[in-house]
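Chemist: This is the content of model26.csv (CSV, C-alpha atoms):
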chain,number,residue,atom,x,y,z
X,1,THR,CA,7.8,0.7,30.0
X,2,GLY,CA,6.2,-2.8,29.9
X,3,HIS,CA,3.9,-2.3,32.9
X,4,LEU,CA,0.8,-3.6,31.2
X,5,ASP,CA,-1.1,-4.2,34.4
X,6,HIS,CA,-0.8,-0.5,35.3
X,7,SER,CA,-2.2,0.4,31.8
X,8,ARG,CA,-5.1,-2.0,32.2
X,9,GLN,CA,-5.9,-0.4,35.6
X,10,LEU,CA,-6.0,3.0,34.0
X,11,LEU,CA,-8.3,1.7,31.2
X,12,ALA,CA,-10.6,0.1,33.7
X,13,ARG,CA,-11.5,3.5,35.1
X,14,LEU,CA,-13.2,4.2,31.8
X,15,LYS,CA,-15.9,1.6,32.2
X,16,ASP,CA,-18.4,4.2,33.4
X,17,SER,CA,-17.4,6.9,30.8
X,18,SER,CA,-19.5,7.5,27.7
X,19,ILE,CA,-18.3,6.1,24.5
X,20,GLU,CA,-18.0,9.6,23.0
X,21,LYS,CA,-15.4,10.5,25.5
X,22,SER,CA,-13.5,7.2,25.8
X,23,TRP,CA,-13.4,5.5,22.4
X,24,LYS,CA,-9.9,6.7,21.5
X,25,THR,CA,-8.5,5.4,24.7
X,26,ILE,CA,-10.3,2.1,24.3
X,27,LEU,CA,-8.9,1.8,20.8
X,28,GLU,CA,-5.4,2.3,22.2
X,29,GLY,CA,-6.1,-0.4,24.8
X,30,ALA,CA,-7.2,-2.8,22.1
X,31,GLN,CA,-4.0,-2.2,20.1
X,32,MET,CA,-2.0,-2.7,23.3
X,33,GLU,CA,-3.7,-6.1,24.0
X,34,ALA,CA,-3.0,-7.1,20.4
X,35,ARG,CA,0.7,-6.3,20.8
X,36,ALA,CA,0.7,-8.3,24.0
X,37,GLY,CA,-0.7,-11.3,22.2
X,38,ARG,CA,-4.2,-11.2,23.9
X,39,TYR,CA,-6.0,-11.4,20.6
X,40,SER,CA,-9.4,-12.5,21.9
X,41,ILE,CA,-9.6,-9.4,24.2
X,42,ALA,CA,-8.4,-7.1,21.4
X,43,ARG,CA,-11.0,-8.6,19.1
X,44,GLU,CA,-13.8,-8.0,21.5
X,45,TRP,CA,-12.8,-4.4,22.0
X,46,LEU,CA,-12.5,-3.7,18.3
X,47,LYS,CA,-15.9,-5.3,17.6
X,48,TYR,CA,-17.4,-3.0,20.3
X,49,LEU,CA,-15.8,0.1,18.8
X,50,THR,CA,-16.8,-0.6,15.2
X,51,HIS,CA,-20.4,-1.1,16.5
X,52,HIS,CA,-20.5,2.1,18.5
X,53,VAL,CA,-18.2,4.4,16.4
X,54,PRO,CA,-19.3,3.6,12.9
X,55,TRP,CA,-18.3,7.0,11.5
X,56,TYR,CA,-14.5,6.7,12.1
X,57,GLY,CA,-12.9,5.2,9.0
X,58,PRO,CA,-9.4,4.4,10.4
X,59,LEU,CA,-11.1,2.1,13.0
X,60,TYR,CA,-12.3,-0.2,10.3
X,61,LYS,CA,-8.9,-0.3,8.8
X,62,ILE,CA,-7.3,-1.1,12.1
X,63,HIS,CA,-9.9,-3.8,12.8
X,64,SER,CA,-9.6,-5.4,9.3
X,65,GLU,CA,-5.8,-5.4,9.5
X,66,PHE,CA,-6.0,-7.1,12.9
X,67,GLU,CA,-8.2,-9.9,11.5
X,68,ARG,CA,-5.9,-10.2,8.5
X,69,ASP,CA,-2.8,-10.6,10.6
X,70,TYR,CA,-4.2,-12.6,13.6
X,71,GLY,CA,-7.6,-14.0,12.6
X,72,ASP,CA,-9.6,-14.9,9.6
X,73,PRO,CA,-9.1,-13.1,6.2
X,74,VAL,CA,-12.7,-13.7,5.4
X,75,GLU,CA,-13.7,-11.8,8.5
X,76,ALA,CA,-11.2,-9.1,7.7
X,77,PHE,CA,-12.9,-8.6,4.3
X,78,ALA,CA,-16.3,-8.6,6.0
X,79,ILE,CA,-15.1,-5.7,8.2
X,80,VAL,CA,-13.9,-3.8,5.1
X,81,GLU,CA,-17.2,-4.2,3.5
X,82,LYS,CA,-19.0,-3.0,6.6
X,83,GLY,CA,-16.7,0.0,6.6
X,84,LEU,CA,-17.3,0.8,2.9
X,85,LYS,CA,-21.1,0.6,3.5
X,86,GLU,CA,-20.8,3.3,6.2
X,87,LEU,CA,-18.0,5.3,4.4
X,88,PRO,CA,-18.0,4.5,0.7
X,89,ARG,CA,-15.5,7.2,-0.1
X,90,TYR,CA,-12.9,6.2,2.5
X,91,GLY,CA,-9.9,5.4,0.3
X,92,PRO,CA,-7.6,3.5,2.7
X,93,LEU,CA,-10.2,0.8,3.2
X,94,TYR,CA,-10.0,0.0,-0.6
X,95,LEU,CA,-6.3,-0.5,-0.3
X,96,VAL,CA,-6.7,-3.0,2.5
X,97,ALA,CA,-9.4,-4.8,0.3
X,98,PHE,CA,-7.0,-4.9,-2.6
X,99,ARG,CA,-4.4,-6.8,-0.6
X,100,LEU,CA,-7.0,-9.3,0.8
X,101,LEU,CA,-8.5,-10.0,-2.6
X,102,GLU,CA,-5.2,-10.2,-4.4
X,103,LYS,CA,-4.1,-13.0,-1.9
X,104,ASP,CA,-7.5,-14.7,-2.5
X,105,ASP,CA,-7.2,-14.5,-6.3
X,106,LEU,CA,-3.6,-15.8,-6.4
X,107,SER,CA,-4.4,-18.7,-4.1
X,108,ARG,CA,-6.9,-19.8,-6.7
X,109,LYS,CA,-4.4,-19.1,-9.5
X,110,ALA,CA,-6.8,-16.5,-11.0
X,111,TYR,CA,-3.9,-14.5,-12.4
X,112,ASP,CA,-6.3,-12.0,-14.1
X,113,LEU,CA,-7.2,-11.0,-10.5
X,114,PRO,CA,-11.0,-10.8,-11.1
X,115,LYS,CA,-11.9,-10.0,-7.5
X,116,THR,CA,-9.2,-7.5,-7.0
X,117,MET,CA,-9.9,-5.6,-10.3
X,118,GLY,CA,-13.6,-5.7,-9.4
X,119,MET,CA,-12.8,-3.8,-6.2
X,120,VAL,CA,-10.6,-1.4,-8.2
X,121,SER,CA,-13.7,-0.5,-10.3
X,122,ARG,CA,-15.7,0.1,-7.2
X,123,ALA,CA,-13.1,2.6,-5.9
X,124,ASP,CA,-13.8,5.0,-8.7
X,125,ASN,CA,-15.9,7.1,-6.4
X,126,ILE,CA,-13.2,8.0,-3.9
X,127,SER,CA,-11.5,11.4,-3.9
X,128,ARG,CA,-9.2,12.3,-6.8
X,129,GLU,CA,-6.3,12.8,-4.4
X,130,LEU,CA,-6.3,9.1,-3.7
X,131,LEU,CA,-7.6,7.7,-7.0
X,132,TRP,CA,-4.1,7.6,-8.5
X,133,ARG,CA,-3.0,5.3,-5.6
X,134,VAL,CA,-5.8,2.9,-6.5
X,135,HIS,CA,-4.4,2.4,-10.0
X,136,PHE,CA,-0.8,2.4,-8.7
X,137,GLU,CA,-1.6,-0.5,-6.3
X,138,ALA,CA,-3.5,-2.3,-9.1
X,139,ALA,CA,-0.5,-2.1,-11.3
X,140,GLN,CA,1.8,-3.6,-8.7
X,141,SER,CA,-0.8,-6.4,-8.0
X,142,GLN,CA,-0.9,-7.1,-11.7
X,143,GLU,CA,2.8,-7.3,-12.0
X,144,ARG,CA,3.1,-9.8,-9.1
X,145,ALA,CA,0.4,-11.9,-10.8
X,146,ALA,CA,2.2,-11.7,-14.2
X,147,VAL,CA,5.4,-13.0,-12.6
X,148,LEU,CA,3.5,-15.9,-11.0
X,149,LEU,CA,1.8,-16.6,-14.3
X,150,MET,CA,5.2,-16.8,-16.0
X,151,GLY,CA,6.1,-19.6,-13.6
X,152,GLU,CA,3.0,-21.6,-14.7
X,153,THR,CA,3.4,-20.8,-18.5
X,154,PRO,CA,7.2,-20.3,-19.2
X,155,LYS,CA,6.5,-19.9,-22.9
X,156,LEU,CA,4.5,-16.8,-22.3
X,157,SER,CA,6.4,-13.5,-22.9
X,158,LEU,CA,6.7,-11.5,-19.7
X,159,LYS,CA,6.6,-8.3,-21.8
X,160,LYS,CA,3.1,-9.4,-23.1
X,161,ALA,CA,2.0,-10.5,-19.6
X,162,LEU,CA,2.7,-7.0,-18.3
X,163,TYR,CA,0.2,-5.3,-20.6
X,164,ALA,CA,-2.4,-4.8,-17.9
X,165,THR,CA,0.3,-3.5,-15.5
X,166,ARG,CA,1.3,-0.8,-18.0
X,167,ARG,CA,-2.3,0.2,-18.5
X,168,SER,CA,-2.8,0.7,-14.8
X,169,TYR,CA,0.4,2.7,-14.5
X,170,SER,CA,-0.8,4.9,-17.3
X,171,LYS,CA,-4.1,5.6,-15.4
X,172,ALA,CA,-2.1,6.4,-12.2
X,173,ILE,CA,0.1,8.8,-14.1
X,174,MET,CA,-2.9,10.7,-15.5
X,175,LEU,CA,-4.5,11.0,-12.1
X,176,SER,CA,-1.4,11.7,-10.0
X,177,PRO,CA,-0.6,15.0,-8.4
X,178,PRO,CA,2.4,16.7,-10.1
X,179,ASN,CA,4.6,16.3,-7.0
X,180,LEU,CA,4.1,12.5,-6.8
X,181,VAL,CA,4.0,11.4,-10.5
X,182,TRP,CA,7.8,10.8,-10.5
X,183,LYS,CA,7.2,7.8,-8.2
X,184,ILE,CA,5.0,6.2,-10.8
X,185,TRP,CA,7.4,6.8,-13.6
X,186,LEU,CA,10.1,5.2,-11.4
X,187,ALA,CA,8.0,2.1,-10.6
X,188,SER,CA,7.0,1.6,-14.2
X,189,GLY,CA,10.7,1.8,-15.2
X,190,ARG,CA,11.5,-0.9,-12.7
X,191,THR,CA,8.7,-3.0,-14.3
X,192,GLU,CA,10.4,-2.6,-17.7
X,193,VAL,CA,13.7,-3.7,-16.3
X,194,SER,CA,12.1,-6.9,-15.0
X,195,CYS,CA,11.1,-7.9,-18.5
X,196,GLY,CA,14.4,-6.9,-20.1
X,197,ASN,CA,13.2,-3.7,-21.8
X,198,THR,CA,16.1,-1.6,-20.7
X,199,ASN,CA,15.7,1.1,-23.3
X,200,GLY,CA,12.1,1.7,-22.2
X,201,ALA,CA,13.2,1.7,-18.5
X,202,ARG,CA,15.8,4.3,-19.3
X,203,ASP,CA,13.2,6.6,-20.9
X,204,LEU,CA,10.9,6.2,-17.9
X,205,PHE,CA,13.7,6.9,-15.4
X,206,LEU,CA,14.6,10.1,-17.3
X,207,ARG,CA,10.9,11.2,-17.2
X,208,ALA,CA,11.0,10.6,-13.4
X,209,TYR,CA,14.2,12.7,-13.2
X,210,ASP,CA,12.5,15.5,-15.1
X,211,CYS,CA,9.7,15.9,-12.7
X,212,VAL,CA,11.1,14.6,-9.4
X,213,THR,CA,11.1,16.8,-6.3
X,214,GLU,CA,14.5,17.8,-4.9
X,215,LYS,CA,14.1,15.4,-2.0
X,216,GLY,CA,13.6,12.4,-4.3
X,217,ARG,CA,16.3,13.3,-6.9
X,218,SER,CA,19.0,11.1,-5.4
X,219,THR,CA,16.6,8.1,-5.4
X,220,VAL,CA,16.0,8.5,-9.1
X,221,LEU,CA,19.7,8.9,-9.8
X,222,LEU,CA,20.4,5.6,-7.9
X,223,GLU,CA,17.9,3.8,-10.1
X,224,CYS,CA,19.6,5.2,-13.2
X,225,ALA,CA,23.0,4.0,-11.9
X,226,ARG,CA,21.6,0.5,-11.1
X,227,LEU,CA,20.2,0.3,-14.6
X,228,GLU,CA,23.5,1.1,-16.3
X,229,GLU,CA,25.3,-1.3,-14.1
X,230,PHE,CA,22.7,-4.0,-15.1
X,231,CYS,CA,23.3,-3.1,-18.7
X,232,GLY,CA,27.1,-3.5,-18.2
X,233,ASP,CA,28.1,0.1,-18.6
X,234,LEU,CA,30.0,0.5,-15.3
X,235,ALA,CA,31.7,3.7,-16.4
X,236,LEU,CA,28.3,5.4,-16.9
X,237,SER,CA,27.0,3.9,-13.7
X,238,ARG,CA,30.0,5.4,-11.7
X,239,SER,CA,29.5,8.7,-13.4
X,240,ILE,CA,25.9,8.9,-12.4
X,241,LEU,CA,26.8,8.0,-8.8
X,242,CYS,CA,29.5,10.6,-8.7
X,243,LYS,CA,27.0,13.2,-9.9
X,244,ALA,CA,24.6,12.2,-7.2
X,245,ARG,CA,27.3,12.3,-4.5
X,246,ASN,CA,28.5,15.7,-5.6
X,247,GLU,CA,24.9,17.2,-5.7
X,248,HIS,CA,23.3,15.4,-2.8
X,249,GLY,CA,26.1,13.7,-0.8
X,250,LYS,CA,25.8,16.1,2.1
X,251,SER,CA,22.0,15.6,2.6
X,252,ASP,CA,21.5,12.0,1.5
X,253,TRP,CA,23.8,9.2,2.7
X,254,LYS,CA,22.4,6.8,0.0
Show me, as structure tokens, the structure contained in the file I just sent.

Modeler:
Amino acid sequence: TGHLDHSRQLLARLKDSSIEKSWKTILEGAQMEARAGRYSIAREWLKYLTHHVPWYGPLYKIHSEFERDYGDPVEAFAIVEKGLKELPRYGPLYLVAFRLLEKDDLSRKAYDLPKTMGMVSRADNISRELLWRVHFEAAQSQERAAVLLMGETPKLSLKKALYATRRSYSKAIMLSPPNLVWKIWLASGRTEVSCGNTNGARDLFLRAYDCVTEKGRSTVLLECARLEEFCGDLALSRSILCKARNEHGKSDWK
């Protein structure tokens, strides 16, 4: 309701409570202060919590994202490393690290992403349920780097520059749970569209359609329609949209 002083008074009552009982409330208070723009107070509380609650993985993620957004990216990465030292199999921290290192690599025009891909290699020990996401994120980072590389070297073929991206997508597909693999087929199809390989994109979208869950089927059909519109076949694009509307129009406004 905007009554931050009342919230602070409630939090002040915890000063004599043990950290085991109060850390979750203190964390909420730190996030409240960050939203209110009191970054120095939020930072002190987050430092206190990461020191006293080293076993809670999401805390390192929240702290590192806070530093990334409102402080120093170098400090943000130091917090990630501290968290990985305590919890080397906590997958979400690797995803934060990828974004920090990608930004650093690209700022140095290191389009092969040496730091980012080094962290991808380190993530091989996380649970299989998240390992596919590691390679999926790597593929998207590599695609962004390839696009920037094309700006530096226009004579380079984008199709060739995306080789590493395709390889990472392939790894993600092999590791993905069956109910999520359609998302990777769809993303890889979009990549092929970006380099003008419309036939390859069409094949990948069809693979996505073959294994998509009922909830995601309209999303795949929309991508198929956009592809045919991009290729100039408006009649086929309309036909796909009509099919999607007839089958999913009552449950999906898209």

Chemist: Rounded to one decimal place, report the atom CA of X:Asn125-atom CA of X:Pro177 distance in Å.

Modeler: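 Value for the atom CA of X:Asn125-atom CA of X:Pro177 distance: 17.3 Å.
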
Chemist: Using all atoms listed in the file for the distances, tell me which of X:Leu106, X:Val96, X:Leu180, X:Leu130 is nearest to X:Val147.

Modeler: X:Leu106

Chemist: Under the rule that all atoms listed in the file are counted, which of X:Lys109, X:Ile173, X:Trp182, X:Leu49 is the nearest residue to X:Gly151?

Modeler: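 Closest to X:Gly151 of all the choices is X:Lys109.
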
Chemist: Might you pull out every residue within 7 Å of stretch 220-230 of chain X, with all atoms listed in the file counted and same-chain residues fewer than 4 positions away left off, and present them as a list in words?

Modeler: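 Near stretch 220-230 of chain X, the qualifying residues are Phe205, Ala208, Tyr209, Gly216, Leu234, Leu236, Ser237, Ile240, Leu241 and Ala244 of chain X.
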
Chemist: Could you tell me how far atom CA of X:Tyr70 sits from atom CA of X:Gly91, in Å to one decimal place?

Modeler: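 So the answer is 23.1 Å.
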
Chemist: Calculated over all atoms listed in the file, which of the candidates X:Ala187, X:Cys195, X:Val181, X:Leu46 has the smallest distance to X:Leu156?

Modeler: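 Closest to X:Leu156 of all the choices is X:Cys195.
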
Chemist: Quick one: residues within 9 Å of stretch 30-38 of chain X, only C-alpha atoms, excluding same-chain residues fewer than 4 positions away - as a PyMOL selection string?

Modeler: chain X and resi 4+25-26+42-46+62+66+70

Chemist: Taking (-12.0, -10.8, 6.5) in the file's coordinates, which residues come within 10 Å, counting only C-alpha atoms, written as a ChimeraX atom specification?

Modeler: /X:63-68,71-81,97,100-101

Chemist: Closest to X:Val120 among X:Arg202, X:Tyr163, X:Leu93, X:Ser218, using only C-alpha atoms?

Modeler: X:Leu93

Chemist: Could you please fill out stretch 55-91 of chain X with N, CA and C atoms and send it back as a CSV table (one decimal), in the coordinates of the input?

Modeler:
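New file rebuild.csv:
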chain,number,residue,atom,x,y,z
X,55,TRP,N,-18.6,5.9,12.4
X,55,TRP,CA,-18.3,7.0,11.5
X,55,TRP,C,-16.8,7.3,11.4
X,56,TYR,N,-16.0,6.5,12.1
X,56,TYR,CA,-14.5,6.7,12.1
X,56,TYR,C,-13.8,5.7,11.2
X,57,GLY,N,-13.4,6.1,10.0
X,57,GLY,CA,-12.9,5.2,9.0
X,57,GLY,C,-11.6,4.5,9.4
X,58,PRO,N,-10.6,5.1,10.0
X,58,PRO,CA,-9.4,4.4,10.4
X,58,PRO,C,-9.7,3.2,11.4
X,59,LEU,N,-10.8,3.2,12.1
X,59,LEU,CA,-11.1,2.1,13.0
X,59,LEU,C,-11.4,0.8,12.2
X,60,TYR,N,-12.1,1.0,11.1
X,60,TYR,CA,-12.3,-0.2,10.3
X,60,TYR,C,-11.0,-0.8,9.7
X,61,LYS,N,-10.2,0.2,9.3
X,61,LYS,CA,-8.9,-0.3,8.8
X,61,LYS,C,-8.0,-1.0,9.8
X,62,ILE,N,-8.0,-0.5,11.0
X,62,ILE,CA,-7.3,-1.1,12.1
X,62,ILE,C,-7.9,-2.5,12.4
X,63,HIS,N,-9.2,-2.6,12.5
X,63,HIS,CA,-9.9,-3.8,12.8
X,63,HIS,C,-9.7,-4.9,11.7
X,64,SER,N,-9.8,-4.5,10.4
X,64,SER,CA,-9.6,-5.4,9.3
X,64,SER,C,-8.2,-5.9,9.3
X,65,GLU,N,-7.2,-5.0,9.5
X,65,GLU,CA,-5.8,-5.4,9.5
X,65,GLU,C,-5.5,-6.4,10.6
X,66,PHE,N,-6.1,-6.2,11.8
X,66,PHE,CA,-6.0,-7.1,12.9
X,66,PHE,C,-6.4,-8.5,12.5
X,67,GLU,N,-7.6,-8.6,11.9
X,67,GLU,CA,-8.2,-9.9,11.5
X,67,GLU,C,-7.3,-10.5,10.4
X,68,ARG,N,-6.8,-9.7,9.5
X,68,ARG,CA,-5.9,-10.2,8.5
X,68,ARG,C,-4.7,-10.8,9.1
X,69,ASP,N,-4.1,-10.2,10.1
X,69,ASP,CA,-2.8,-10.6,10.6
X,69,ASP,C,-3.0,-11.7,11.7
X,70,TYR,N,-4.1,-11.7,12.5
X,70,TYR,CA,-4.2,-12.6,13.6
X,70,TYR,C,-5.5,-13.4,13.6
X,71,GLY,N,-6.3,-13.2,12.6
X,71,GLY,CA,-7.6,-14.0,12.6
X,71,GLY,C,-7.9,-14.6,11.3
X,72,ASP,N,-9.0,-14.3,10.8
X,72,ASP,CA,-9.6,-14.9,9.6
X,72,ASP,C,-9.6,-13.8,8.4
X,73,PRO,N,-9.0,-14.1,7.3
X,73,PRO,CA,-9.1,-13.1,6.2
X,73,PRO,C,-10.5,-12.9,5.7
X,74,VAL,N,-11.3,-13.9,5.8
X,74,VAL,CA,-12.7,-13.7,5.4
X,74,VAL,C,-13.4,-12.7,6.3
X,75,GLU,N,-13.2,-12.8,7.6
X,75,GLU,CA,-13.7,-11.8,8.5
X,75,GLU,C,-13.1,-10.5,8.3
X,76,ALA,N,-11.8,-10.4,8.0
X,76,ALA,CA,-11.2,-9.1,7.7
X,76,ALA,C,-11.9,-8.4,6.5
X,77,PHE,N,-12.2,-9.2,5.5
X,77,PHE,CA,-12.9,-8.6,4.3
X,77,PHE,C,-14.3,-8.2,4.7
X,78,ALA,N,-15.0,-8.9,5.5
X,78,ALA,CA,-16.3,-8.6,6.0
X,78,ALA,C,-16.3,-7.2,6.7
X,79,ILE,N,-15.3,-7.0,7.5
X,79,ILE,CA,-15.1,-5.7,8.2
X,79,ILE,C,-14.9,-4.6,7.2
X,80,VAL,N,-14.1,-4.8,6.2
X,80,VAL,CA,-13.9,-3.8,5.1
X,80,VAL,C,-15.2,-3.5,4.4
X,81,GLU,N,-16.0,-4.5,4.1
X,81,GLU,CA,-17.2,-4.2,3.5
X,81,GLU,C,-18.2,-3.4,4.4
X,82,LYS,N,-18.2,-3.8,5.6
X,82,LYS,CA,-19.0,-3.0,6.6
X,82,LYS,C,-18.6,-1.5,6.6
X,83,GLY,N,-17.3,-1.3,6.6
X,83,GLY,CA,-16.7,0.0,6.6
X,83,GLY,C,-17.1,0.8,5.4
X,84,LEU,N,-17.0,0.1,4.2
X,84,LEU,CA,-17.3,0.8,2.9
X,84,LEU,C,-18.8,1.1,2.8
X,85,LYS,N,-19.6,0.3,3.5
X,85,LYS,CA,-21.1,0.6,3.5
X,85,LYS,C,-21.4,1.8,4.3
X,86,GLU,N,-20.6,2.0,5.4
X,86,GLU,CA,-20.8,3.3,6.2
X,86,GLU,C,-20.1,4.5,5.5
X,87,LEU,N,-18.9,4.2,4.9
X,87,LEU,CA,-18.0,5.3,4.4
X,87,LEU,C,-17.5,4.9,3.0
X,88,PRO,N,-18.4,5.0,2.0
X,88,PRO,CA,-18.0,4.5,0.7
X,88,PRO,C,-16.9,5.3,0.0
X,89,ARG,N,-16.5,6.4,0.5
X,89,ARG,CA,-15.5,7.2,-0.1
X,89,ARG,C,-14.2,7.2,0.7
X,90,TYR,N,-14.1,6.3,1.7
X,90,TYR,CA,-12.9,6.2,2.5
X,90,TYR,C,-11.8,5.4,1.8
X,91,GLY,N,-10.9,6.0,1.2
X,91,GLY,CA,-9.9,5.4,0.3
X,91,GLY,C,-9.1,4.3,0.9
